[in-house]
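work_14.cif follows (mmCIF, C-alpha atoms):
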```
data_query
#
loop_
_atom_site.label_atom_id
_atom_site.label_comp_id
_atom_site.auth_asym_id
_atom_site.auth_seq_id
_atom_site.Cartn_x
_atom_site.Cartn_y
_atom_site.Cartn_z
CA MET A 1375 -24.80 54.46 27.08
CA THR A 1376 -21.23 55.23 27.95
CA LYS A 1377 -19.19 57.67 26.02
CA LYS A 1378 -16.95 54.99 24.60
CA GLN A 1379 -19.88 52.99 23.28
CA SER A 1380 -21.30 55.98 21.53
CA ILE A 1381 -17.95 56.60 19.88
CA VAL A 1382 -17.84 53.04 18.70
CA MET A 1383 -21.37 53.37 17.44
CA LYS A 1384 -20.54 56.45 15.52
CA TYR A 1385 -17.41 54.98 14.07
CA ASP A 1386 -18.74 51.51 13.37
CA ALA A 1387 -15.75 49.93 11.65
CA SER A 1388 -17.78 47.24 9.93
CA LYS A 1389 -20.18 49.82 8.42
CA ILE A 1390 -17.30 51.94 7.23
CA LEU A 1391 -15.56 48.98 5.65
CA GLN A 1392 -18.75 47.84 3.96
CA ARG A 1393 -19.28 51.30 2.55
CA LYS A 1394 -15.75 51.60 1.23
CA LYS A 1395 -15.61 48.14 -0.30
CA LYS A 1396 -14.63 49.34 -3.73
CA SER A 1397 -11.72 51.43 -2.58
CA ILE A 1398 -10.52 48.67 -0.25
CA LEU A 1399 -10.44 46.24 -3.15
CA GLU A 1400 -8.51 48.73 -5.27
CA GLU A 1401 -6.08 49.39 -2.45
CA TRP A 1402 -5.62 45.69 -1.82
CA MET A 1403 -5.06 44.91 -5.48
CA LYS A 1404 -2.58 47.76 -5.67
CA ASN A 1405 -0.71 46.37 -2.65
CA GLN A 1406 -0.61 42.91 -4.14
CA LEU A 1407 0.45 44.01 -7.59
CA ALA A 1408 3.12 46.31 -6.18
CA ASP A 1409 4.60 43.50 -4.15
CA GLU A 1410 7.75 42.15 -5.75
CA THR A 1411 6.94 38.58 -4.81
CA LEU A 1412 3.88 38.64 -7.08
CA ARG A 1413 3.82 35.39 -9.04
CA GLU A 1414 2.43 36.29 -12.41
CA ASP A 1415 3.82 33.04 -13.77
CA LEU A 1416 1.56 30.99 -11.48
CA MET A 1417 -1.59 33.07 -11.55
CA SER A 1418 -2.85 35.75 -13.91
CA ASN A 1419 -3.84 39.14 -12.52
CA GLU A 1420 -7.46 38.54 -13.51
CA ASP A 1421 -7.58 35.36 -11.47
CA LEU A 1422 -5.99 37.15 -8.56
CA ARG A 1423 -8.57 39.90 -8.75
CA GLU A 1424 -11.35 37.37 -8.91
CA GLN A 1425 -10.07 35.57 -5.82
CA SER A 1426 -9.62 38.82 -3.95
CA THR A 1427 -13.11 40.06 -4.85
CA GLU A 1428 -14.70 36.81 -3.79
CA LEU A 1429 -12.96 36.83 -0.43
CA LEU A 1430 -13.63 40.50 0.28
CA ASP A 1431 -17.29 40.20 -0.74
CA SER A 1432 -17.83 37.32 1.61
CA LEU A 1433 -15.92 38.97 4.43
CA LEU A 1434 -17.77 42.28 4.24
CA LYS A 1435 -21.11 40.54 3.91
CA THR A 1436 -20.72 38.71 7.21
CA ILE A 1437 -18.83 41.34 9.16
CA ASN A 1438 -20.81 43.28 11.75
CA ASP A 1439 -20.16 45.10 14.99
CA ASN A 1440 -20.53 41.98 17.13
CA ASN A 1441 -18.27 39.56 15.33
CA ILE A 1442 -15.60 41.92 14.06
CA ASP A 1443 -13.06 40.92 16.72
CA ASN A 1444 -13.91 37.24 16.75
CA GLY A 1445 -12.60 35.53 13.63
CA GLU A 1446 -13.49 32.10 14.97
CA SER A 1447 -17.21 32.84 15.25
CA ALA A 1448 -19.53 30.66 13.20
CA ASP A 1449 -20.49 33.70 11.10
CA PHE A 1450 -17.16 33.51 9.32
CA GLU A 1451 -17.50 29.89 8.27
CA ASN A 1452 -18.06 30.91 4.70
CA VAL A 1453 -15.02 33.21 4.73
CA SER A 1454 -12.82 30.49 6.23
CA GLU A 1455 -14.04 28.10 3.58
CA ILE A 1456 -13.09 30.46 0.77
CA LEU A 1457 -9.74 31.13 2.41
CA SER A 1458 -9.06 27.40 2.79
CA GLY A 1459 -9.93 26.83 -0.85
CA ILE A 1460 -7.58 29.58 -1.99
CA SER A 1461 -4.85 28.38 0.33
CA ILE A 1462 -5.03 24.74 -0.72
CA SER A 1463 -5.11 25.59 -4.40
CA ARG A 1464 -2.07 27.82 -3.89
CA ALA A 1465 -0.21 25.06 -2.06
CA ARG A 1466 -0.83 22.75 -5.02
CA GLN A 1467 0.18 25.38 -7.57
CA GLY A 1468 3.53 25.77 -5.86
CA PHE A 1469 3.23 29.15 -4.13
CA THR A 1470 5.62 29.64 -1.22
CA PRO A 1471 4.20 30.08 2.28
CA LYS A 1472 5.39 33.71 2.23
CA GLU A 1473 3.47 34.52 -0.93
CA THR A 1474 0.34 32.90 0.42
CA GLY A 1475 0.70 34.70 3.74
CA LEU A 1476 1.19 38.07 2.09
CA PHE A 1477 -2.04 37.61 0.16
CA VAL A 1478 -4.02 37.80 3.41
CA LEU A 1479 -1.75 40.23 5.21
CA SER A 1480 -1.88 42.76 2.38
CA LEU A 1481 -5.65 42.86 2.93
CA LYS A 1482 -4.97 44.07 6.45
CA ASP A 1483 -2.95 46.98 5.11
CA ALA A 1484 -5.79 47.95 2.82
CA LEU A 1485 -8.40 47.74 5.60
CA LEU A 1486 -6.29 49.72 8.06
CA GLN A 1487 -5.56 52.35 5.45
CA THR A 1488 -9.27 52.83 4.86
CA LEU A 1489 -10.04 53.03 8.56
CA ARG A 1490 -7.32 55.60 9.01
CA SER A 1491 -8.61 57.90 6.34
CA GLU A 1492 -12.21 57.50 7.54
CA ILE A 1493 -11.70 57.88 11.31
CA SER A 1494 -8.84 60.38 11.16
CA ASP A 1495 -10.57 62.78 13.58
CA ASN A 1496 -10.81 60.40 16.54
CA PRO A 1497 -7.55 58.60 17.52
CA GLU A 1498 -9.24 56.53 20.21
CA ALA A 1499 -11.86 55.08 17.90
CA LEU A 1500 -9.26 54.58 15.21
CA TYR A 1501 -7.04 52.62 17.57
CA ASP A 1502 -9.99 50.62 18.79
CA SER A 1503 -11.23 49.57 15.38
CA SER A 1504 -7.70 49.01 14.09
CA MET A 1505 -7.04 46.54 16.88
CA ARG A 1506 -10.22 44.67 16.14
CA VAL A 1507 -9.53 44.43 12.42
CA ASN A 1508 -5.99 43.38 13.25
CA LYS A 1509 -7.21 40.57 15.40
CA LEU A 1510 -9.70 39.43 12.81
CA ILE A 1511 -7.19 39.28 9.98
CA ASP A 1512 -4.66 37.53 12.23
CA THR A 1513 -7.16 34.75 12.82
CA PHE A 1514 -7.63 34.45 9.09
CA SER A 1515 -3.86 34.26 8.58
CA VAL A 1516 -3.67 31.34 10.95
CA VAL A 1517 -6.46 29.59 9.05
CA THR A 1518 -4.63 30.26 5.81
CA PHE A 1519 -1.39 28.78 7.06
CA GLU A 1520 -3.02 25.79 8.56
CA THR A 1521 -4.78 24.87 5.35
CA PHE A 1522 -1.72 25.74 3.29
CA ILE A 1523 0.34 23.21 5.21
CA LYS A 1524 -2.48 20.71 5.12
CA GLY A 1525 -2.57 21.11 1.34
CA ARG A 1526 1.16 20.49 1.12
CA GLU A 1527 0.91 17.45 3.35
CA GLU A 1528 -1.82 16.03 1.16
CA VAL A 1529 0.48 16.36 -1.84
CA ILE A 1530 3.25 14.55 0.04
CA LEU A 1531 0.94 11.76 1.21
CA ARG A 1532 -0.37 11.26 -2.30
CA GLN A 1533 3.14 11.03 -3.65
CA THR A 1534 4.16 8.51 -1.00
CA ASP A 1535 1.16 6.36 -1.88
CA GLU A 1536 1.99 6.63 -5.54
CA ILE A 1537 5.61 5.62 -4.97
CA THR A 1538 4.62 2.52 -2.99
CA GLU A 1539 2.13 1.63 -5.66
CA ILE A 1540 4.31 2.03 -8.71
CA SER A 1541 7.34 0.47 -7.10
CA THR A 1542 5.80 -2.96 -6.65
CA PRO A 1543 4.47 -4.14 -9.99
CA VAL A 1544 3.92 -7.84 -10.58
CA ILE A 1545 4.62 -8.76 -14.19
CA ARG A 1546 3.52 -11.89 -16.02
CA VAL A 1547 6.58 -12.71 -18.09
CA TRP A 1548 5.31 -16.08 -19.30
CA ASP A 1549 2.35 -18.33 -18.83
CA GLY A 1550 2.89 -19.53 -15.27
CA ILE A 1551 5.87 -17.29 -14.52
CA LEU A 1552 5.60 -14.03 -12.60
CA ALA A 1553 8.39 -11.49 -12.18
CA LEU A 1554 8.56 -8.87 -9.49
CA PRO A 1555 11.32 -6.30 -9.86
CA ILE A 1556 11.96 -4.57 -6.55
CA ILE A 1557 13.41 -1.07 -6.79
CA GLY A 1558 14.47 0.91 -3.73
CA THR A 1559 15.03 0.02 -0.14
CA LEU A 1560 12.97 -2.79 1.33
CA ASP A 1561 11.47 -2.11 4.73
CA SER A 1562 8.86 -4.00 6.70
CA ALA A 1563 5.92 -2.02 5.34
CA ARG A 1564 7.04 -2.40 1.76
CA THR A 1565 7.83 -6.07 2.09
CA GLN A 1566 4.31 -6.56 3.34
CA VAL A 1567 2.92 -4.83 0.24
CA VAL A 1568 5.27 -6.76 -2.03
CA MET A 1569 4.33 -10.04 -0.40
CA GLU A 1570 0.61 -9.38 -0.55
CA ASN A 1571 0.73 -8.26 -4.18
CA LEU A 1572 2.81 -11.27 -5.18
CA LEU A 1573 0.66 -13.83 -3.37
CA GLN A 1574 -2.54 -12.27 -4.68
CA GLU A 1575 -1.22 -12.36 -8.21
CA ILE A 1576 -0.10 -15.97 -7.80
CA VAL A 1577 -3.64 -16.90 -6.82
CA SER A 1578 -5.36 -14.91 -9.56
CA SER A 1579 -3.05 -16.01 -12.36
CA GLY A 1580 -2.40 -19.52 -11.09
CA SER A 1581 1.32 -19.12 -11.72
CA GLY A 1582 3.64 -21.75 -10.34
CA ILE A 1583 6.87 -19.75 -10.41
CA ALA A 1584 7.70 -16.28 -9.13
CA ILE A 1585 10.96 -14.46 -9.79
CA LEU A 1586 11.95 -11.81 -7.27
CA ASP A 1587 14.48 -9.51 -8.92
CA ILE A 1588 16.42 -7.44 -6.41
CA SER A 1589 18.88 -5.73 -8.77
CA GLY A 1590 17.24 -2.42 -7.84
CA VAL A 1591 17.71 -2.89 -4.10
CA PRO A 1592 20.70 -0.75 -3.04
CA ALA A 1593 21.70 -2.70 0.04
CA VAL A 1594 20.74 -5.86 1.84
CA ASP A 1595 21.06 -6.08 5.60
CA SER A 1596 19.93 -8.86 7.89
CA LEU A 1597 16.46 -7.36 8.18
CA VAL A 1598 15.95 -7.13 4.42
CA ALA A 1599 17.26 -10.67 4.03
CA GLN A 1600 14.79 -11.79 6.69
CA HIS A 1601 12.00 -10.13 4.72
CA LEU A 1602 13.10 -11.85 1.53
CA ILE A 1603 13.22 -15.24 3.21
CA LYS A 1604 9.72 -14.65 4.58
CA THR A 1605 8.40 -13.78 1.14
CA VAL A 1606 9.95 -16.91 -0.37
CA SER A 1607 8.56 -19.12 2.41
CA ALA A 1608 5.08 -17.66 2.01
CA THR A 1609 5.19 -18.30 -1.74
CA ARG A 1610 6.23 -21.88 -1.06
CA LEU A 1611 3.33 -22.33 1.36
CA MET A 1612 1.00 -21.25 -1.41
CA GLY A 1613 2.44 -23.98 -3.56
CA ALA A 1614 4.56 -21.90 -5.89
CA GLU A 1615 8.32 -21.76 -6.33
CA CYS A 1616 10.18 -18.53 -5.75
CA ILE A 1617 13.50 -17.62 -7.35
CA ILE A 1618 15.58 -14.63 -6.25
CA SER A 1619 17.58 -13.02 -9.02
CA GLY A 1620 19.70 -9.95 -9.61
CA ILE A 1621 22.00 -10.43 -6.65
CA ARG A 1622 24.99 -8.15 -7.14
CA PRO A 1623 28.46 -9.23 -6.00
CA GLU A 1624 28.49 -6.68 -3.16
CA ILE A 1625 25.18 -8.02 -1.90
CA ALA A 1626 26.47 -11.60 -2.06
CA GLN A 1627 29.45 -10.45 0.01
CA THR A 1628 27.33 -8.76 2.67
CA VAL A 1629 24.93 -11.68 2.89
CA VAL A 1630 27.77 -14.12 3.53
CA HIS A 1631 29.52 -11.76 5.95
CA LEU A 1632 26.30 -11.34 7.92
CA GLY A 1633 26.03 -15.10 8.15
CA ILE A 1634 22.58 -15.25 6.51
CA ASP A 1635 21.69 -18.68 5.22
CA LEU A 1636 20.12 -18.46 1.78
CA SER A 1637 20.88 -22.06 0.86
CA ASN A 1638 17.20 -23.06 0.96
CA ILE A 1639 16.39 -20.41 -1.59
CA ILE A 1640 17.04 -20.69 -5.29
CA THR A 1641 19.21 -17.73 -6.24
CA LYS A 1642 20.31 -16.70 -9.72
CA ALA A 1643 22.66 -13.96 -10.79
CA SER A 1644 20.44 -12.36 -13.39
CA LEU A 1645 16.79 -12.25 -14.38
CA ALA A 1646 17.76 -14.00 -17.62
CA SER A 1647 19.24 -17.01 -15.86
CA ALA A 1648 16.28 -17.11 -13.47
CA LEU A 1649 13.94 -17.18 -16.45
CA ARG A 1650 15.98 -19.94 -18.06
CA TYR A 1651 15.74 -21.94 -14.84
CA ALA A 1652 11.99 -21.32 -14.68
CA PHE A 1653 11.65 -22.64 -18.23
CA THR A 1654 13.43 -25.86 -17.30
CA LEU A 1655 11.12 -26.25 -14.29
CA LEU A 1656 8.11 -25.93 -16.62
CA HIS A 1657 9.75 -28.28 -19.15
CA LEU A 1658 9.91 -25.52 -21.73
CA GLU A 1659 12.69 -24.97 -24.21
CA VAL A 1660 13.74 -21.85 -26.05
CA ARG A 1661 15.24 -22.62 -29.42
CA LYS A 1662 16.61 -20.58 -32.24
CA VAL A 1663 14.78 -21.13 -35.49
CA GLY A 1664 17.67 -22.50 -37.49
CA SER A 1665 18.52 -21.45 -41.05
CA LYS A 1666 18.58 -25.15 -41.95
CA ASP A 1667 14.82 -25.39 -41.65
CA LYS A 1668 14.38 -22.51 -44.05
CA THR A 1669 16.49 -24.08 -46.78
CA LEU A 1670 14.38 -27.21 -46.53
CA ILE A 1671 11.25 -25.29 -47.50
CA MET B 1463 -21.23 -32.81 15.72
CA ASP B 1464 -19.56 -31.63 12.56
CA LYS B 1465 -17.26 -34.02 10.82
CA ILE B 1466 -14.97 -33.31 7.93
CA PRO B 1467 -15.43 -35.96 5.25
CA ILE B 1468 -12.40 -37.86 4.03
CA LEU B 1469 -12.86 -39.08 0.48
CA ARG B 1470 -10.94 -41.91 -1.04
CA MET B 1471 -9.77 -41.49 -4.62
CA GLY B 1472 -7.78 -44.51 -5.70
CA ARG B 1473 -4.58 -44.49 -3.75
CA PHE B 1474 -5.13 -40.97 -2.46
CA LEU B 1475 -7.24 -39.46 0.25
CA LEU B 1476 -8.99 -36.19 -0.40
CA VAL B 1477 -9.99 -33.79 2.37
CA THR B 1478 -11.71 -30.51 1.60
CA ILE B 1479 -12.17 -28.19 4.53
CA GLN B 1480 -15.28 -26.12 3.85
CA VAL B 1481 -16.06 -24.87 7.35
CA ASP B 1482 -14.10 -22.84 9.85
CA LEU B 1483 -11.89 -25.23 11.77
CA TYR B 1484 -12.23 -25.08 15.49
CA ASP B 1485 -9.75 -26.88 17.70
CA ARG B 1486 -11.82 -29.98 18.48
CA LEU B 1487 -12.76 -30.43 14.81
CA ALA B 1488 -9.11 -30.14 13.79
CA LEU B 1489 -8.02 -32.70 16.36
CA ASN B 1490 -10.75 -35.09 15.20
CA LEU B 1491 -9.67 -34.59 11.61
CA GLU B 1492 -6.11 -35.40 12.57
CA SER B 1493 -6.99 -38.71 14.22
CA ASP B 1494 -9.58 -39.68 11.57
CA LEU B 1495 -7.11 -39.01 8.81
CA VAL B 1496 -4.32 -41.02 10.38
CA GLN B 1497 -6.75 -43.92 10.98
CA MET B 1498 -7.88 -43.69 7.37
CA VAL B 1499 -4.37 -43.67 5.98
CA SER B 1500 -3.48 -46.72 7.97
CA LYS B 1501 -6.71 -48.52 7.05
CA THR B 1502 -6.59 -47.86 3.33
CA GLY B 1503 -2.86 -47.85 2.89
CA ALA B 1504 -3.16 -44.61 0.93
CA SER B 1505 0.05 -43.26 -0.50
CA GLY B 1506 -1.03 -39.64 -0.73
CA VAL B 1507 -3.19 -37.17 1.19
CA LEU B 1508 -4.53 -34.03 -0.41
CA ILE B 1509 -5.94 -31.33 1.86
CA ASP B 1510 -7.80 -28.45 0.22
CA ILE B 1511 -7.87 -25.40 2.47
CA SER B 1512 -9.00 -22.84 -0.11
CA ALA B 1513 -12.09 -22.03 1.94
CA LEU B 1514 -10.08 -21.51 5.10
CA SER B 1515 -9.62 -17.81 5.74
CA ILE B 1516 -8.37 -17.79 9.31
CA VAL B 1517 -5.59 -19.86 10.88
CA ASP B 1518 -3.85 -19.70 14.21
CA SER B 1519 -0.70 -21.36 15.46
CA PHE B 1520 -2.66 -24.39 16.65
CA MET B 1521 -4.17 -25.00 13.23
CA GLY B 1522 -0.78 -24.53 11.63
CA ARG B 1523 0.70 -27.09 13.96
CA ILE B 1524 -2.11 -29.55 13.24
CA LEU B 1525 -1.46 -29.26 9.51
CA GLY B 1526 2.25 -29.85 10.08
CA ASN B 1527 1.49 -32.80 12.38
CA ILE B 1528 -0.81 -34.41 9.83
CA GLY B 1529 2.04 -34.15 7.31
CA SER B 1530 4.55 -35.73 9.65
CA MET B 1531 2.19 -38.49 10.77
CA ALA B 1532 1.24 -39.35 7.20
CA LYS B 1533 4.92 -39.43 6.33
CA ILE B 1534 5.57 -42.05 9.01
CA LEU B 1535 2.75 -44.12 7.50
CA ASP B 1536 4.43 -43.73 4.11
CA ALA B 1537 2.03 -41.22 2.59
CA GLU B 1538 2.85 -37.82 1.10
CA THR B 1539 0.73 -34.85 2.12
CA VAL B 1540 -0.12 -31.97 -0.19
CA VAL B 1541 -1.85 -28.84 1.09
CA VAL B 1542 -3.52 -26.95 -1.74
CA GLY B 1543 -5.26 -23.62 -2.28
CA MET B 1544 -3.84 -21.69 0.64
CA GLN B 1545 -5.07 -18.09 0.76
CA PRO B 1546 -2.41 -15.33 0.69
CA ALA B 1547 -3.49 -14.05 4.10
CA VAL B 1548 -3.18 -17.54 5.57
CA ALA B 1549 0.29 -17.98 4.08
CA ILE B 1550 1.45 -14.64 5.50
CA THR B 1551 0.03 -15.49 8.92
CA LEU B 1552 1.75 -18.87 9.02
CA ILE B 1553 5.08 -17.33 8.03
CA GLU B 1554 4.72 -14.61 10.66
CA LEU B 1555 4.00 -17.34 13.21
CA GLY B 1556 7.20 -19.06 12.14
CA LEU B 1557 5.43 -22.16 10.82
CA GLU B 1558 6.86 -23.25 7.52
CA LEU B 1559 5.05 -26.62 7.29
CA LYS B 1560 8.29 -28.41 6.54
CA GLY B 1561 6.98 -31.95 6.05
CA VAL B 1562 4.13 -30.88 3.79
CA HIS B 1563 4.09 -30.27 0.06
CA THR B 1564 2.07 -27.39 -1.27
CA ALA B 1565 0.32 -26.67 -4.56
CA LEU B 1566 -1.75 -23.84 -5.96
CA ASN B 1567 -4.96 -25.80 -6.56
CA VAL B 1568 -6.41 -29.31 -6.41
CA GLU B 1569 -5.50 -30.04 -10.01
CA LYS B 1570 -1.85 -29.15 -9.50
CA GLY B 1571 -1.83 -30.96 -6.17
CA MET B 1572 -3.04 -34.15 -7.82
CA GLU B 1573 -0.40 -33.76 -10.51
CA LEU B 1574 2.24 -33.36 -7.82
CA LEU B 1575 1.07 -36.50 -6.01
CA HIS B 1576 1.15 -38.45 -9.26
CA THR B 1577 4.70 -37.35 -10.03
CA LYS B 1578 5.73 -38.21 -6.48
CA MET B 1579 4.23 -41.67 -6.91
CA ALA B 1580 5.62 -42.26 -10.41
CA PRO B 1581 9.07 -43.56 -9.42
CA ILE B 1582 7.53 -45.96 -6.87
CA GLU B 1583 5.07 -47.30 -9.44
CA GLU B 1584 7.86 -47.90 -11.92
CA SER B 1585 9.96 -49.83 -9.46
CA GLU B 1586 6.90 -51.86 -8.41
CA GLU B 1587 6.19 -52.70 -12.04
CA GLU B 1588 9.78 -53.71 -12.57
CA THR B 1589 9.75 -56.09 -9.66
CA SER B 1590 6.46 -57.62 -10.72
CA ASP B 1591 7.79 -57.98 -14.28
CA SER B 1592 10.88 -59.72 -13.09
CA ARG B 1593 8.78 -62.10 -11.08
CA VAL B 1594 6.77 -63.01 -14.12
CA GLU B 1595 9.91 -63.77 -16.04
#
```

Represent the structure contained in this file as structure tokens.
Amino acid sequence: MTKKQSIVMKYDASKILQRKKKSILEEWMKNQLADETLREDLMSNEDLREQSTELLDSLLKTINDNNIDNGESADFENVSEILSGISISRARQGFTPKETGLFVLSLKDALLQTLRSEISDNPEALYDSSMRVNKLIDTFSVVTFETFIKGREEVILRQTDEITEISTPVIRVWDGILALPIIGTLDSARTQVVMENLLQEIVSSGSGIAILDISGVPAVDSLVAQHLIKTVSATRLMGAECIISGIRPEIAQTVVHLGIDLSNIITKASLASALRYAFTLLHLEVRKVGSKDKTLI
Amino acid sequence: MDKIPILRMGRFLLVTIQVDLYDRLALNLESDLVQMVSKTGASGVLIDISALSIVDSFMGRILGNIGSMAKILDAETVVVGMQPAVAITLIELGLELKGVHTALNVEKGMELLHTKMAPIEESEEETSDSRVE
């Protein structure tokens, strides 16, 4: 056994850390609470302590002399899992990356502090174990950041899905008449969703007329117009009539300037006039109940 | 070999496609249908494609051709029950089936054929009436 090995044996960092668990936790909590970026509004101190205890428990349970400088070893799977959980939940709660990063990095301070006070008599061993702990915690920081960003991305993806879903509702305004208000810019992907939703609804409700209201579409270029024409043609193929309504004067101007031919498509200025037209197609009539009838009774 | 039945209902011909159309079958249907229109003097053709889930450009063209051919023989064609996916595919292929009428289901298709025929019937009645007088 070489001299160095015996030193390491004597000053086994993992054993020391396991022994001093309580003081490490206190030190860590003190570091976290002293930090000015502490977010008491997002998480109570009890919850923070609970999280910290759970993580430290799991870390010190798995740590040993062989894996201390290898954070990616399979032994730390449990620790990584806990870290990921904490990180993702923090991303959802609205913690900043800095605050999440400091949570892990402040643990390093606490660990190094403990090592320093325990191995104060041997600089070489102190340096050696400090480096190893450093490396270990750095690996954990990377894991934390990765999952933090993944958590944020999940939130963004969910929101995108939600937006596409809520922005294409198909409304049954009357027996046999569907309305589809489009809000926001139309691109290929959205037109596809709009078209599919509309056609599906036409089949399931057996409606003969669909009104496509584009008053919420900010601008129409040749591509959007192309998409609209496609939607109308597909509806016609299904055997239903499609009316486009809510065309603003600016849009009418651009459409004509772009030289897009909408003459095959029934267009109406407002949803109201489109509905009136749909009623005439279905041979329906909307009448005011006259006061004359009442006096007769 | 498979054959798609063509049913006669009064002055209309009814075709319901219940199997996947392959090219030969579609071509046979086209010629059978045109023969039938000419033989019976039908004034309307109703094609139900609600069971058809896949189309390609060839099938789209055949449908359009049937419409145009029937038109020359003085019969209107109505395609009914097209699936949304089929409609989207045809549009993406640039086939708008110009000479063909469409309806949501057989019932509405029949209604459409009847309304298309109504003016002709009236004029026929008028001429026969005048002859009687």

Inset, instruction - Would you kindly translate the PyMOL selection byres ((chain B and resi 1557-1573) around 7) into the concrete residues it picks from this file, as an NGL selection string? - result: (:A and (1580 or 1607 or 1610-1614)) or (:B and (1510 or 1522 or 1526 or 1529-1530 or 1539-1543 or 1552-1553 or 1555-1556 or 1574-1577))

Residues of chain A within 10 Å of chain B, counting only C-alpha atoms - could you list those as a PDB file with C-alpha atoms, keeping the file's coordinate frame?
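As written to disk, iface-v5.pdb reads:
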```pdb
ATOM      1  CA  GLN A1566       4.310  -6.560   3.340  1.00  0.00           C
ATOM      2  CA  MET A1569       4.330 -10.040  -0.400  1.00  0.00           C
ATOM      3  CA  GLU A1570       0.610  -9.380  -0.550  1.00  0.00           C
ATOM      4  CA  ASN A1571       0.730  -8.260  -4.180  1.00  0.00           C
ATOM      5  CA  LEU A1572       2.810 -11.270  -5.180  1.00  0.00           C
ATOM      6  CA  LEU A1573       0.660 -13.830  -3.370  1.00  0.00           C
ATOM      7  CA  GLN A1574      -2.540 -12.270  -4.680  1.00  0.00           C
ATOM      8  CA  GLU A1575      -1.220 -12.360  -8.210  1.00  0.00           C
ATOM      9  CA  ILE A1576      -0.100 -15.970  -7.800  1.00  0.00           C
ATOM     10  CA  VAL A1577      -3.640 -16.900  -6.820  1.00  0.00           C
ATOM     11  CA  GLY A1580      -2.400 -19.520 -11.090  1.00  0.00           C
ATOM     12  CA  SER A1581       1.320 -19.120 -11.720  1.00  0.00           C
ATOM     13  CA  GLY A1582       3.640 -21.750 -10.340  1.00  0.00           C
ATOM     14  CA  ILE A1603      13.220 -15.240   3.210  1.00  0.00           C
ATOM     15  CA  LYS A1604       9.720 -14.650   4.580  1.00  0.00           C
ATOM     16  CA  THR A1605       8.400 -13.780   1.140  1.00  0.00           C
ATOM     17  CA  VAL A1606       9.950 -16.910  -0.370  1.00  0.00           C
ATOM     18  CA  SER A1607       8.560 -19.120   2.410  1.00  0.00           C
ATOM     19  CA  ALA A1608       5.080 -17.660   2.010  1.00  0.00           C
ATOM     20  CA  THR A1609       5.190 -18.300  -1.740  1.00  0.00           C
ATOM     21  CA  ARG A1610       6.230 -21.880  -1.060  1.00  0.00           C
ATOM     22  CA  LEU A1611       3.330 -22.330   1.360  1.00  0.00           C
ATOM     23  CA  MET A1612       1.000 -21.250  -1.410  1.00  0.00           C
ATOM     24  CA  GLY A1613       2.440 -23.980  -3.560  1.00  0.00           C
ATOM     25  CA  ALA A1614       4.560 -21.900  -5.890  1.00  0.00           C
ATOM     26  CA  GLU A1615       8.320 -21.760  -6.330  1.00  0.00           C
TER      27      GLU A1615
END
```

Legend entry - Counting all atoms listed in the file, the option among B:Ala1580, B:Arg1486, B:Val1496, B:Leu1469 closest to Asn1527 (chain B):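 Distance minimum relative to Asn1527 (chain B) lands on B:Val1496.
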
Legend entry - Residues matched by the PyMOL selection byres ((chain B and resi 1516) around 8) as a list of chain:residue names: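 With the PyMOL selection byres ((chain B and resi 1516) around 8) on this model, the match is B:Asp1482, B:Leu1514, B:Ser1515, B:Val1517, B:Asp1518, B:Val1548.
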
Legend entry - Residues in the PyMOL selection byres ((chain A and resi 1465-1470) around 12), expressed as a PyMOL selection string: chain A and resi 1411-1417+1458-1464+1471-1477+1518-1530+1532

Around all listed atoms of region 1612-1622 of chain A, padded 5 Å per side, what centre and edge lengths does the axis-aligned box have in Å to one decimal, as lines of an AutoDock Vina configuration file?
```
center_x = 13.0
center_y = -16.1
center_z = -5.5
size_x = 34.0
size_y = 25.8
size_z = 18.2
```

Which polymer residues have any atom within 12 Å of an atom of Pro1543 (chain A), counting only C-alpha atoms, with same-chain residues fewer than 4 positions away left out, as a short mmCIF file (atom, residue, chain, number, x, y, z; two decimals) with C-alpha atoms, in the coordinates of the input?
```cif
data_model
loop_
_atom_site.label_atom_id
_atom_site.label_comp_id
_atom_site.auth_asym_id
_atom_site.auth_seq_id
_atom_site.Cartn_x
_atom_site.Cartn_y
_atom_site.Cartn_z
CA GLU A 1536 1.99 6.63 -5.54
CA ILE A 1537 5.61 5.62 -4.97
CA THR A 1538 4.62 2.52 -2.99
CA GLU A 1539 2.13 1.63 -5.66
CA VAL A 1547 6.58 -12.71 -18.09
CA LEU A 1552 5.60 -14.03 -12.60
CA ALA A 1553 8.39 -11.49 -12.18
CA LEU A 1554 8.56 -8.87 -9.49
CA PRO A 1555 11.32 -6.30 -9.86
CA ILE A 1556 11.96 -4.57 -6.55
CA ILE A 1557 13.41 -1.07 -6.79
CA VAL A 1567 2.92 -4.83 0.24
CA VAL A 1568 5.27 -6.76 -2.03
CA MET A 1569 4.33 -10.04 -0.40
CA GLU A 1570 0.61 -9.38 -0.55
CA ASN A 1571 0.73 -8.26 -4.18
CA LEU A 1572 2.81 -11.27 -5.18
CA GLN A 1574 -2.54 -12.27 -4.68
CA GLU A 1575 -1.22 -12.36 -8.21
CA LEU A 1586 11.95 -11.81 -7.27
CA ASP A 1587 14.48 -9.51 -8.92
#
```

Inset, instruction - For CA of Ser1454 (chain A) and CA of Phe1514 (chain A), determine how far apart the two atoms are, in Å to one decimal place. - result: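 Between CA of Ser1454 (chain A) and CA of Phe1514 (chain A) the gap is 7.1 Å.
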
Legend entry - Å distance separating CA of Leu1489 (chain A) from CA of Asp1512 (chain A), one decimal place: 16.8 Å

Take region 1537-1542 of chain B from the block and save it with C-alpha atoms, as a tab-separated table (two decimals), in the first residue's frame.
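That gives us part.tsv:
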```
chain	number	residue	atom	x	y	z
B	1537	ALA	CA	-76.89	12.32	-66.41
B	1538	GLU	CA	-75.85	14.16	-63.26
B	1539	THR	CA	-73.36	12.49	-60.93
B	1540	VAL	CA	-73.41	12.88	-57.16
B	1541	VAL	CA	-70.59	11.54	-54.99
B	1542	VAL	CA	-71.73	11.08	-51.40
```
